[in-house]
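Participant: What follows is my_file-v3.cif, mmCIF, C-alpha atoms and all ligand atoms.
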data_protein
#
loop_
_atom_site.group_PDB
_atom_site.id
_atom_site.type_symbol
_atom_site.label_atom_id
_atom_site.label_comp_id
_atom_site.auth_asym_id
_atom_site.auth_seq_id
_atom_site.Cartn_x
_atom_site.Cartn_y
_atom_site.Cartn_z
ATOM 1 C CA MET A 26 6.792 -1.432 39.122
ATOM 2 C CA SER A 27 8.548 1.653 37.665
ATOM 3 C CA THR A 28 6.717 3.230 34.795
ATOM 4 C CA ARG A 29 8.458 2.579 31.506
ATOM 5 C CA HIS A 30 8.521 3.954 27.982
ATOM 6 C CA ILE A 31 7.274 1.221 25.674
ATOM 7 C CA LEU A 32 7.452 1.200 21.881
ATOM 8 C CA LEU A 33 5.074 -1.218 20.178
ATOM 9 C CA THR A 34 5.185 -1.912 16.464
ATOM 10 C CA GLY A 35 2.056 -2.672 14.443
ATOM 11 C CA ALA A 36 -0.026 -1.445 17.368
ATOM 12 C CA GLY A 37 -2.868 0.081 15.406
ATOM 13 C CA SER A 38 -4.766 -3.185 15.544
ATOM 14 C CA GLY A 39 -5.119 -6.592 17.189
ATOM 15 C CA ILE A 40 -2.544 -7.852 19.684
ATOM 16 C CA GLY A 41 -0.351 -4.729 19.531
ATOM 17 C CA TYR A 42 -3.251 -2.414 20.279
ATOM 18 C CA GLY A 43 -4.542 -4.722 23.023
ATOM 19 C CA MET A 44 -1.136 -4.796 24.695
ATOM 20 C CA ALA A 45 -0.737 -1.020 24.348
ATOM 21 C CA GLU A 46 -4.096 -0.445 26.024
ATOM 22 C CA HIS A 47 -3.436 -2.871 28.858
ATOM 23 C CA LEU A 48 0.110 -1.659 29.573
ATOM 24 C CA GLY A 49 -0.941 1.988 29.170
ATOM 25 C CA ARG A 50 -3.609 1.498 31.836
ATOM 26 C CA GLN A 51 -0.830 0.357 34.170
ATOM 27 C CA GLY A 52 0.732 3.828 33.811
ATOM 28 C CA HIS A 53 3.423 3.177 31.213
ATOM 29 C CA PHE A 54 4.097 5.631 28.381
ATOM 30 C CA ILE A 55 3.254 4.182 24.973
ATOM 31 C CA TRP A 56 4.938 4.933 21.661
ATOM 32 C CA LEU A 57 2.192 3.541 19.482
ATOM 33 C CA SER A 58 3.550 2.850 16.019
ATOM 34 C CA ASP A 59 2.044 1.420 12.881
ATOM 35 C CA ILE A 60 2.745 1.377 9.168
ATOM 36 C CA THR A 61 0.575 4.430 8.437
ATOM 37 C CA GLN A 62 0.303 7.634 10.418
ATOM 38 C CA GLU A 63 -3.482 7.425 10.195
ATOM 39 C CA ARG A 64 -3.612 3.980 11.843
ATOM 40 C CA ALA A 65 -1.246 5.068 14.587
ATOM 41 C CA ASP A 66 -3.126 8.343 15.165
ATOM 42 C CA GLN A 67 -6.502 6.598 15.415
ATOM 43 C CA ALA A 68 -5.232 4.045 17.903
ATOM 44 C CA ALA A 69 -3.373 6.657 19.985
ATOM 45 C CA ALA A 70 -6.574 8.741 20.094
ATOM 46 C CA GLN A 71 -8.411 5.712 21.525
ATOM 47 C CA LEU A 72 -5.765 5.486 24.255
ATOM 48 C CA HIS A 73 -5.929 9.222 25.013
ATOM 49 C CA LYS A 74 -9.683 8.904 25.597
ATOM 50 C CA GLN A 75 -8.841 6.487 28.418
ATOM 51 C CA GLY A 76 -6.303 8.885 29.940
ATOM 52 C CA ILE A 77 -3.326 6.819 28.721
ATOM 53 C CA GLN A 78 -0.104 8.670 27.874
ATOM 54 C CA ALA A 79 0.662 7.763 24.293
ATOM 55 C CA GLN A 80 2.218 9.222 21.180
ATOM 56 C CA ALA A 81 1.564 8.009 17.660
ATOM 57 C CA LEU A 82 4.459 7.153 15.362
ATOM 58 C CA CYS A 83 4.410 6.176 11.717
ATOM 59 C CA LEU A 84 6.861 3.282 11.423
ATOM 60 C CA ASP A 85 7.236 0.716 8.668
ATOM 61 C CA VAL A 86 9.416 -1.943 10.295
ATOM 62 C CA GLY A 87 10.629 -2.993 6.858
ATOM 63 C CA ASP A 88 12.182 0.419 6.177
ATOM 64 C CA GLN A 89 15.749 0.677 7.481
ATOM 65 C CA SER A 90 15.914 4.452 7.007
ATOM 66 C CA GLN A 91 12.892 4.871 9.308
ATOM 67 C CA ILE A 92 14.519 2.569 11.872
ATOM 68 C CA ASP A 93 17.771 4.552 11.695
ATOM 69 C CA ALA A 94 15.872 7.743 12.556
ATOM 70 C CA LEU A 95 13.908 6.251 15.464
ATOM 71 C CA VAL A 96 16.226 6.808 18.423
ATOM 72 C CA GLU A 97 16.254 10.517 17.665
ATOM 73 C CA ARG A 98 12.489 10.620 17.044
ATOM 74 C CA THR A 99 11.804 8.978 20.415
ATOM 75 C CA ALA A 100 14.449 10.921 22.383
ATOM 76 C CA GLU A 101 11.802 12.763 24.416
ATOM 77 C CA HIS A 102 10.770 9.432 26.028
ATOM 78 C CA PRO A 103 13.710 7.033 25.474
ATOM 79 C CA VAL A 104 12.565 3.506 24.780
ATOM 80 C CA ASP A 105 12.978 1.094 27.744
ATOM 81 C CA VAL A 106 10.825 -1.668 26.321
ATOM 82 C CA LEU A 107 10.579 -2.655 22.661
ATOM 83 C CA ILE A 108 7.648 -4.854 21.715
ATOM 84 C CA ASN A 109 8.218 -6.261 18.218
ATOM 85 C CA ASN A 110 4.673 -7.083 17.237
ATOM 86 C CA ALA A 111 4.090 -6.032 13.605
ATOM 87 C CA GLY A 112 3.313 -8.978 11.412
ATOM 88 C CA LEU A 113 1.278 -10.406 8.601
ATOM 89 C CA GLN A 114 0.373 -13.757 7.150
ATOM 90 C CA HIS A 115 0.308 -15.248 3.672
ATOM 91 C CA VAL A 116 -1.375 -18.621 3.248
ATOM 92 C CA SER A 117 -0.256 -20.543 0.169
ATOM 93 C CA LYS A 118 1.417 -23.741 -0.989
ATOM 94 C CA LEU A 119 5.140 -23.126 -1.468
ATOM 95 C CA GLU A 120 4.906 -23.824 -5.199
ATOM 96 C CA GLU A 121 2.443 -20.939 -5.527
ATOM 97 C CA PHE A 122 4.127 -18.611 -3.012
ATOM 98 C CA PRO A 123 5.178 -15.377 -4.771
ATOM 99 C CA PRO A 124 8.952 -15.053 -4.113
ATOM 100 C CA GLU A 125 8.774 -11.346 -3.299
ATOM 101 C CA ARG A 126 5.984 -12.013 -0.791
ATOM 102 C CA PHE A 127 8.143 -14.669 0.924
ATOM 103 C CA SER A 128 11.013 -12.174 1.307
ATOM 104 C CA TYR A 129 8.620 -9.476 2.493
ATOM 105 C CA LEU A 130 7.282 -11.626 5.356
ATOM 106 C CA LEU A 131 10.829 -12.454 6.466
ATOM 107 C CA ASN A 132 11.778 -8.795 6.287
ATOM 108 C CA ILE A 133 8.857 -7.609 8.427
ATOM 109 C CA MET A 134 8.840 -10.400 11.033
ATOM 110 C CA LEU A 135 12.549 -11.241 11.353
ATOM 111 C CA THR A 136 14.848 -8.561 9.948
ATOM 112 C CA GLY A 137 12.639 -5.728 11.248
ATOM 113 C CA PRO A 138 12.687 -6.906 14.903
ATOM 114 C CA ALA A 139 16.446 -7.504 14.651
ATOM 115 C CA MET A 140 17.159 -4.049 13.239
ATOM 116 C CA LEU A 141 14.893 -2.350 15.791
ATOM 117 C CA THR A 142 16.670 -4.204 18.585
ATOM 118 C CA ARG A 143 19.980 -3.127 17.074
ATOM 119 C CA ALA A 144 18.827 0.505 17.072
ATOM 120 C CA PHE A 145 17.611 0.608 20.684
ATOM 121 C CA LEU A 146 20.237 -1.577 22.402
ATOM 122 C CA PRO A 147 22.903 1.126 22.881
ATOM 123 C CA GLY A 148 20.432 3.397 24.725
ATOM 124 C CA MET A 149 19.174 0.514 26.852
ATOM 125 C CA ARG A 150 22.783 -0.333 27.741
ATOM 126 C CA ASP A 151 23.542 3.297 28.664
ATOM 127 C CA ARG A 152 20.480 3.448 30.939
ATOM 128 C CA GLY A 153 21.135 -0.023 32.418
ATOM 129 C CA TYR A 154 17.691 -1.440 31.685
ATOM 130 C CA GLY A 155 15.977 -2.873 28.656
ATOM 131 C CA ARG A 156 13.308 -5.360 27.708
ATOM 132 C CA ILE A 157 12.842 -6.692 24.205
ATOM 133 C CA ILE A 158 9.636 -8.636 23.836
ATOM 134 C CA ASN A 159 9.010 -10.269 20.488
ATOM 135 C CA VAL A 160 5.576 -11.384 19.499
ATOM 136 C CA GLY A 161 6.377 -14.757 17.991
ATOM 137 C CA SER A 162 3.801 -17.465 17.675
ATOM 138 C CA ILE A 163 3.140 -21.079 18.361
ATOM 139 C CA HIS A 164 4.568 -21.171 14.840
ATOM 140 C CA SER A 165 7.929 -20.254 16.415
ATOM 141 C CA LEU A 166 7.874 -23.855 17.708
ATOM 142 C CA VAL A 167 5.699 -25.993 15.453
ATOM 143 C CA ALA A 168 4.561 -25.843 11.838
ATOM 144 C CA SER A 169 1.330 -25.752 9.872
ATOM 145 C CA PRO A 170 1.023 -26.292 6.129
ATOM 146 C CA PHE A 171 0.694 -23.369 3.688
ATOM 147 C CA LYS A 172 2.538 -20.954 6.020
ATOM 148 C CA SER A 173 6.172 -21.516 5.025
ATOM 149 C CA ALA A 174 7.336 -17.883 5.157
ATOM 150 C CA TYR A 175 5.507 -17.121 8.413
ATOM 151 C CA VAL A 176 6.762 -20.260 10.176
ATOM 152 C CA ALA A 177 10.310 -19.673 8.924
ATOM 153 C CA ALA A 178 10.260 -16.061 10.148
ATOM 154 C CA LYS A 179 8.789 -16.947 13.546
ATOM 155 C CA HIS A 180 11.234 -19.839 14.075
ATOM 156 C CA GLY A 181 14.031 -17.464 13.070
ATOM 157 C CA LEU A 182 12.862 -15.020 15.713
ATOM 158 C CA MET A 183 13.568 -17.665 18.376
ATOM 159 C CA GLY A 184 17.112 -18.126 17.089
ATOM 160 C CA PHE A 185 17.573 -14.365 17.181
ATOM 161 C CA THR A 186 16.137 -14.231 20.720
ATOM 162 C CA LYS A 187 18.630 -16.806 21.991
ATOM 163 C CA VAL A 188 21.636 -15.086 20.431
ATOM 164 C CA LEU A 189 20.663 -11.675 21.788
ATOM 165 C CA ALA A 190 20.043 -13.111 25.249
ATOM 166 C CA LEU A 191 23.693 -14.191 25.240
ATOM 167 C CA GLU A 192 24.901 -10.860 23.859
ATOM 168 C CA THR A 193 23.030 -8.874 26.546
ATOM 169 C CA ALA A 194 23.597 -11.181 29.513
ATOM 170 C CA ASP A 195 26.082 -8.746 31.113
ATOM 171 C CA THR A 196 23.422 -6.129 31.868
ATOM 172 C CA ASP A 197 19.759 -5.806 32.956
ATOM 173 C CA ILE A 198 18.456 -6.331 29.448
ATOM 174 C CA THR A 199 16.352 -9.339 28.555
ATOM 175 C CA ILE A 200 14.883 -10.582 25.301
ATOM 176 C CA ASN A 201 12.094 -13.122 25.029
ATOM 177 C CA THR A 202 9.518 -14.244 22.511
ATOM 178 C CA LEU A 203 5.853 -14.669 23.367
ATOM 179 C CA CYS A 204 4.421 -17.638 21.502
ATOM 180 C CA PRO A 205 0.642 -17.513 21.399
ATOM 181 C CA SER A 206 -1.550 -19.869 19.463
ATOM 182 C CA TYR A 207 -4.610 -18.233 17.942
ATOM 183 C CA VAL A 208 -5.790 -14.828 19.165
ATOM 184 C CA LYS A 209 -8.959 -13.547 17.470
ATOM 185 C CA THR A 210 -7.673 -10.443 15.657
ATOM 186 C CA PRO A 211 -8.123 -9.067 12.126
ATOM 187 C CA LEU A 212 -5.087 -11.147 11.023
ATOM 188 C CA VAL A 213 -6.773 -14.344 12.151
ATOM 189 C CA GLU A 214 -10.133 -13.334 10.660
ATOM 190 C CA GLN A 215 -8.349 -13.071 7.281
ATOM 191 C CA GLN A 216 -6.720 -16.479 7.787
ATOM 192 C CA ILE A 217 -10.050 -18.084 8.559
ATOM 193 C CA ALA A 218 -11.326 -16.878 5.200
ATOM 194 C CA ALA A 219 -8.108 -17.878 3.368
ATOM 195 C CA GLN A 220 -7.981 -21.354 4.923
ATOM 196 C CA ALA A 221 -11.643 -21.927 4.138
ATOM 197 C CA GLN A 222 -10.821 -21.259 0.490
ATOM 198 C CA GLU A 223 -7.601 -23.340 0.518
ATOM 199 C CA HIS A 224 -9.283 -26.376 2.086
ATOM 200 C CA GLY A 225 -12.694 -25.852 0.464
ATOM 201 C CA ILE A 226 -14.582 -25.911 3.785
ATOM 202 C CA PRO A 227 -16.861 -23.430 5.646
ATOM 203 C CA GLU A 228 -15.250 -20.819 7.921
ATOM 204 C CA GLN A 229 -16.843 -22.255 11.078
ATOM 205 C CA GLN A 230 -15.164 -25.560 10.285
ATOM 206 C CA VAL A 231 -11.784 -23.817 9.948
ATOM 207 C CA ILE A 232 -12.276 -22.452 13.489
ATOM 208 C CA SER A 233 -13.337 -25.734 15.066
ATOM 209 C CA GLU A 234 -11.362 -28.258 13.010
ATOM 210 C CA ILE A 235 -8.136 -26.360 12.260
ATOM 211 C CA MET A 236 -7.646 -23.455 14.664
ATOM 212 C CA LEU A 237 -9.045 -24.581 17.991
ATOM 213 C CA LYS A 238 -8.626 -28.321 17.547
ATOM 214 C CA PRO A 239 -4.885 -28.464 18.388
ATOM 215 C CA MET A 240 -5.553 -26.542 21.622
ATOM 216 C CA PRO A 241 -6.872 -28.807 24.387
ATOM 217 C CA LYS A 242 -8.390 -25.722 26.054
ATOM 218 C CA GLY A 243 -10.382 -25.109 22.881
ATOM 219 C CA GLU A 244 -10.514 -21.310 23.051
ATOM 220 C CA PHE A 245 -8.713 -18.332 21.526
ATOM 221 C CA ILE A 246 -5.912 -16.752 23.610
ATOM 222 C CA ASP A 247 -6.986 -13.410 25.079
ATOM 223 C CA LEU A 248 -5.173 -10.099 24.690
ATOM 224 C CA ALA A 249 -4.959 -9.439 28.436
ATOM 225 C CA ALA A 250 -2.952 -12.642 28.880
ATOM 226 C CA MET A 251 -0.425 -11.421 26.318
ATOM 227 C CA ALA A 252 -0.115 -8.045 28.059
ATOM 228 C CA GLU A 253 0.182 -9.605 31.510
ATOM 229 C CA TYR A 254 3.051 -11.771 30.309
ATOM 230 C CA ALA A 255 4.806 -8.645 29.010
ATOM 231 C CA ALA A 256 4.190 -6.863 32.337
ATOM 232 C CA PHE A 257 5.766 -9.801 34.161
ATOM 233 C CA LEU A 258 8.845 -9.659 31.920
ATOM 234 C CA MET A 259 9.184 -5.917 32.561
ATOM 235 C CA GLY A 260 9.057 -6.304 36.339
ATOM 236 C CA ALA A 261 11.440 -7.687 38.946
ATOM 237 C CA GLY A 262 10.173 -11.244 38.465
ATOM 238 C CA GLY A 263 11.224 -11.206 34.831
ATOM 239 C CA ARG A 264 14.805 -10.101 35.395
ATOM 240 C CA HIS A 265 16.297 -13.582 35.029
ATOM 241 C CA VAL A 266 14.066 -14.759 32.212
ATOM 242 C CA THR A 267 15.893 -14.314 28.925
ATOM 243 C CA GLY A 268 16.293 -16.127 25.619
ATOM 244 C CA GLN A 269 13.018 -17.957 26.158
ATOM 245 C CA ALA A 270 9.963 -18.897 24.186
ATOM 246 C CA LEU A 271 7.039 -18.056 26.487
ATOM 247 C CA VAL A 272 4.221 -20.212 25.313
ATOM 248 C CA LEU A 273 0.511 -19.341 25.535
ATOM 249 C CA ASP A 274 -0.975 -22.189 23.553
ATOM 250 C CA GLY A 275 -3.882 -23.670 25.512
ATOM 251 C CA GLY A 276 -1.875 -26.890 25.773
ATOM 252 C CA TRP A 277 -1.121 -27.270 22.031
ATOM 253 C CA THR A 278 2.501 -28.378 22.515
ATOM 254 C CA ALA A 279 1.721 -30.596 25.533
ATOM 255 C CA ARG A 280 0.502 -33.377 23.273
HETATM 256 N N1 LIG B 1 -3.674 -13.289 15.958
HETATM 257 C C1 LIG B 1 -3.064 -14.428 16.233
HETATM 258 O O1 LIG B 1 -3.688 -15.493 16.407
HETATM 259 C C2 LIG B 1 -1.593 -14.481 16.363
HETATM 260 C C3 LIG B 1 -1.038 -15.651 16.873
HETATM 261 C C4 LIG B 1 0.329 -15.729 17.010
HETATM 262 C C5 LIG B 1 1.099 -14.649 16.686
HETATM 263 N N2 LIG B 1 0.539 -13.516 16.199
HETATM 264 C C6 LIG B 1 1.424 -12.405 15.881
HETATM 265 O O2 LIG B 1 0.976 -11.253 16.540
HETATM 266 C C7 LIG B 1 1.380 -10.091 15.819
HETATM 267 C C8 LIG B 1 0.196 -9.176 15.628
HETATM 268 O O3 LIG B 1 -0.783 -9.856 14.885
HETATM 269 P P1 LIG B 1 -2.336 -9.512 14.960
HETATM 270 O O4 LIG B 1 -3.041 -10.805 14.990
HETATM 271 O O5 LIG B 1 -2.593 -8.492 16.009
HETATM 272 O O6 LIG B 1 -2.543 -8.898 13.499
HETATM 273 P P2 LIG B 1 -3.254 -7.569 12.971
HETATM 274 O O7 LIG B 1 -3.339 -7.740 11.511
HETATM 275 O O8 LIG B 1 -4.484 -7.289 13.749
HETATM 276 O O9 LIG B 1 -2.185 -6.464 13.327
HETATM 277 C C9 LIG B 1 -0.934 -6.433 12.699
HETATM 278 C C10 LIG B 1 -0.480 -5.004 12.667
HETATM 279 O O10 LIG B 1 0.824 -4.971 12.067
HETATM 280 C C11 LIG B 1 0.865 -3.858 11.216
HETATM 281 N N3 LIG B 1 1.892 -4.011 10.203
HETATM 282 C C12 LIG B 1 1.888 -4.851 9.131
HETATM 283 N N4 LIG B 1 2.988 -4.644 8.405
HETATM 284 C C13 LIG B 1 3.710 -3.672 9.029
HETATM 285 C C14 LIG B 1 4.924 -3.028 8.766
HETATM 286 N N5 LIG B 1 5.657 -3.304 7.681
HETATM 287 N N6 LIG B 1 5.369 -2.082 9.650
HETATM 288 C C15 LIG B 1 4.637 -1.773 10.724
HETATM 289 N N7 LIG B 1 3.450 -2.328 11.016
HETATM 290 C C16 LIG B 1 3.004 -3.266 10.175
HETATM 291 C C17 LIG B 1 -0.527 -3.747 10.616
HETATM 292 O O11 LIG B 1 -0.774 -2.461 10.103
HETATM 293 C C18 LIG B 1 -1.390 -4.104 11.819
HETATM 294 O O12 LIG B 1 -1.757 -2.971 12.568
HETATM 295 C C19 LIG B 1 1.993 -10.603 14.510
HETATM 296 O O13 LIG B 1 3.401 -10.616 14.619
HETATM 297 C C20 LIG B 1 1.463 -12.019 14.420
HETATM 298 O O14 LIG B 1 2.304 -12.857 13.694
HETATM 299 C C21 LIG B 1 -0.796 -13.413 16.026
#
Transcribe the structure of this file into structure tokens.

Facilitator:
Amino acid sequence: MSTRHILLTGAGSGIGYGMAEHLGRQGHFIWLSDITQERADQAAAQLHKQGIQAQALCLDVGDQSQIDALVERTAEHPVDVLINNAGLQHVSKLEEFPPERFSYLLNIMLTGPAMLTRAFLPGMRDRGYGRIINVGSIHSLVASPFKSAYVAAKHGLMGFTKVLALETADTDITINTLCPSYVKTPLVEQQIAAQAQEHGIPEQQVISEIMLKPMPKGEFIDLAAMAEYAAFLMGAGGRHVTGQALVLDGGWTAR
């Protein structure tokens, strides 16, 4: 496979960092971005130690002025592959959901990916290649209680994916959404604690009775599987796959 320039958002931690590491080891150049410069710098330093070519970028995906400046900031290694990964969770009944928090989640996990795609599409078109890979969730397809903003944003991401697949069908650009069930990252660790409080049960019970129970395979999804799916989409085999939800759910939605 040709080596590509990949920009990952929210890659200082969890899935984004895991994908950056895996794809970097395959020889791709990584623009490693996160909401603070410090987070991005620390993660990029970890990649450098492994001989991976990476550059840290401070990028808040909710800030349109930062997005507007990105094409110029990344001109040295123009972005071939955009991985929209940044995200966060808020667990609460709708009646108690702070309105500004609801809007914030939608802004980071739906508007942000759309505006980043908007920014990079012209360059991808000019160069005749582009891959947009959204990190959605099993919650792009099904729902869980107490996660109304998250589920709405992740379902919205699928609608966005389908529209953009149609708008880019005339060139070698694809857009897809990876839909994992639970991956053990700091985001999920926080949810385990929050759900334990919401349901009034011990954390171990949240893992066994809530998180892993819907997955017949009964285990967390691993980071390498996420990265391998992205690598497939970037390569020749992925050329005709567009507008899809690519599901890594241990059988959750087979029931
Ligand atoms: N962990 C899971 O089980 C799971 C499952 C399905 C989907 N996802 C999705 O995967 C993505 C990554 O989640 P994770 O589990 O690695 O979480 P994480 O908390 O480990 O990492 C999220 C990263 O996003 C960054 N971020 C948050 N707000 C940002 C902003 N405004 N701009 C830029 N960066 C920002 C954080 O700084 C952090 O580095 C999210 O979109 C999440 O919804 C996670």

Participant: Tell me, counting all atoms listed in the file, for each residue of chain A within 6 Å of ligand LIG 1 (chain B), which pair of atoms is nearest and how far apart they are in Å to one decimal, in rows ordered by chain and increasing number, as JSON lines.

Facilitator:
{"residue": "A:Thr34", "atom": "CA", "partner": "B:LIG1", "partner_atom": "N7", "distance": 5.7}
{"residue": "A:Gly35", "atom": "CA", "partner": "B:LIG1", "partner_atom": "O10", "distance": 3.5}
{"residue": "A:Ala36", "atom": "CA", "partner": "B:LIG1", "partner_atom": "O12", "distance": 5.3}
{"residue": "A:Gly37", "atom": "CA", "partner": "B:LIG1", "partner_atom": "O12", "distance": 4.3}
{"residue": "A:Ser38", "atom": "CA", "partner": "B:LIG1", "partner_atom": "O12", "distance": 4.2}
{"residue": "A:Gly39", "atom": "CA", "partner": "B:LIG1", "partner_atom": "O5", "distance": 3.4}
{"residue": "A:Ile40", "atom": "CA", "partner": "B:LIG1", "partner_atom": "O5", "distance": 3.7}
{"residue": "A:Gly41", "atom": "CA", "partner": "B:LIG1", "partner_atom": "O5", "distance": 5.6}
{"residue": "A:Asp59", "atom": "CA", "partner": "B:LIG1", "partner_atom": "N7", "distance": 4.4}
{"residue": "A:Ile60", "atom": "CA", "partner": "B:LIG1", "partner_atom": "C15", "distance": 4.0}
{"residue": "A:Leu84", "atom": "CA", "partner": "B:LIG1", "partner_atom": "C15", "distance": 5.6}
{"residue": "A:Asp85", "atom": "CA", "partner": "B:LIG1", "partner_atom": "N6", "distance": 3.5}
{"residue": "A:Val86", "atom": "CA", "partner": "B:LIG1", "partner_atom": "N6", "distance": 4.1}
{"residue": "A:Gly87", "atom": "CA", "partner": "B:LIG1", "partner_atom": "N5", "distance": 5.0}
{"residue": "A:Asn110", "atom": "CA", "partner": "B:LIG1", "partner_atom": "O13", "distance": 4.6}
{"residue": "A:Ala111", "atom": "CA", "partner": "B:LIG1", "partner_atom": "O10", "distance": 3.8}
{"residue": "A:Gly112", "atom": "CA", "partner": "B:LIG1", "partner_atom": "O13", "distance": 3.6}
{"residue": "A:Leu113", "atom": "CA", "partner": "B:LIG1", "partner_atom": "C12", "distance": 5.6}
{"residue": "A:Ile133", "atom": "CA", "partner": "B:LIG1", "partner_atom": "N5", "distance": 5.4}
{"residue": "A:Val160", "atom": "CA", "partner": "B:LIG1", "partner_atom": "O13", "distance": 5.4}
{"residue": "A:Gly161", "atom": "CA", "partner": "B:LIG1", "partner_atom": "C5", "distance": 5.4}
{"residue": "A:Ser162", "atom": "CA", "partner": "B:LIG1", "partner_atom": "C4", "distance": 3.9}
{"residue": "A:Pro205", "atom": "CA", "partner": "B:LIG1", "partner_atom": "C4", "distance": 4.7}
{"residue": "A:Ser206", "atom": "CA", "partner": "B:LIG1", "partner_atom": "C3", "distance": 5.0}
{"residue": "A:Tyr207", "atom": "CA", "partner": "B:LIG1", "partner_atom": "O1", "distance": 3.3}
{"residue": "A:Val208", "atom": "CA", "partner": "B:LIG1", "partner_atom": "O1", "distance": 3.5}
{"residue": "A:Lys209", "atom": "CA", "partner": "B:LIG1", "partner_atom": "N1", "distance": 5.5}
{"residue": "A:Thr210", "atom": "CA", "partner": "B:LIG1", "partner_atom": "O4", "distance": 4.7}
{"residue": "A:Pro211", "atom": "CA", "partner": "B:LIG1", "partner_atom": "O8", "distance": 4.4}
{"residue": "A:Leu212", "atom": "CA", "partner": "B:LIG1", "partner_atom": "O7", "distance": 3.9}
{"residue": "A:Val213", "atom": "CA", "partner": "B:LIG1", "partner_atom": "N1", "distance": 5.0}

Participant: Suppose a student applies the PyMOL selection byres (((chain A and resi 172) around 9) and not hetatm) to this structure; what residues should they get, written as a short mmCIF file (atom, residue, chain, number, x, y, z; two decimals) with C-alpha atoms, in the frame of the given file?

Facilitator:
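New file part38.cif:
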data_model
loop_
_atom_site.label_atom_id
_atom_site.label_comp_id
_atom_site.auth_asym_id
_atom_site.auth_seq_id
_atom_site.Cartn_x
_atom_site.Cartn_y
_atom_site.Cartn_z
CA GLN A 114 0.37 -13.76 7.15
CA HIS A 115 0.31 -15.25 3.67
CA VAL A 116 -1.38 -18.62 3.25
CA SER A 117 -0.26 -20.54 0.17
CA LYS A 118 1.42 -23.74 -0.99
CA LEU A 119 5.14 -23.13 -1.47
CA ALA A 168 4.56 -25.84 11.84
CA SER A 169 1.33 -25.75 9.87
CA PRO A 170 1.02 -26.29 6.13
CA PHE A 171 0.69 -23.37 3.69
CA SER A 173 6.17 -21.52 5.03
CA ALA A 174 7.34 -17.88 5.16
CA TYR A 175 5.51 -17.12 8.41
CA VAL A 176 6.76 -20.26 10.18
CA ALA A 177 10.31 -19.67 8.92
#

Participant: Enter the distance from atom CA of Phe257 of chain A to atom CA of Asp195 of chain A, in Å, rounded to one decimal.

Facilitator: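 So the two atoms, atom CA of Phe257 of chain A and atom CA of Asp195 of chain A, lie 20.6 Å apart.
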
Participant: With the PyMOL selection byres (((chain A and resi 268) around 12) and not hetatm) as the selection, what would be picked from this file? Answer as a PyMOL selection string, please.

Facilitator: chain A and resi 156-159+182-194+198-203+258+263-267+269-271

Participant: Quick one: residues within 7 Å of Val96 of chain A, all atoms listed in the file counted, chain neighbours fewer than 2 positions away excluded, as an MDAnalysis selection string?

Facilitator: chainID A and resid 94 98:100 144:145

Participant: When distances are computed from only C-alpha atoms, which of A:Gly43, A:Pro138, A:Pro123, A:Gly155 shows the smallest separation from Ala249 of chain A?

Facilitator: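 Closest residue, counting only C-alpha atoms: A:Gly43.
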
Participant: Taking all listed atoms of segment 74-92 of chain A, build the axis-aligned box, pad each of the six sides by 6 Å, then write its centre and edge lengths in Å to one decimal as AutoDock Vina command-line options.

Facilitator:
--center_x 3.1 --center_y 3.1 --center_z 18.1 --size_x 37.6 --size_y 24.2 --size_z 35.8

Participant: When you look at Gly262 of chain A with a cut-off of 12 Å (counting all atoms listed in the file), what residues show up, excluding the ones that are within fewer than 6 positions of it in the same chain? I need them as a PyMOL selection string.

Facilitator: chain A and resi 26+199+254-256

Participant: Rounded to one decimal, what separation in Å do you get between atom CA of Ala69 of chain A and atom CA of Ala250 of chain A?

Facilitator: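 Separating atom CA of Ala69 of chain A from atom CA of Ala250 of chain A is a distance of 21.3 Å.
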
Participant: Any chance you could work out the residue set of the PyMOL selection byres (((chain A and resi 107) around 6) and not hetatm) here, as a list in words?

Facilitator: Ile31, Leu32, Val106, Ile108 and Ile157 of chain A

Participant: If I put a ball of radius 6 Å at (17.1, 5.7, 26.8) in the file's coordinates, which residues poke into it when counting all atoms listed in the file, written as a PyMOL selection string?

Facilitator: chain A and resi 103-104+148-149+152

Participant: Using only C-alpha atoms, which of A:Met251, A:Leu273, A:Leu131, A:Met140 sits nearest Ile92 of chain A?

Facilitator: A:Met140
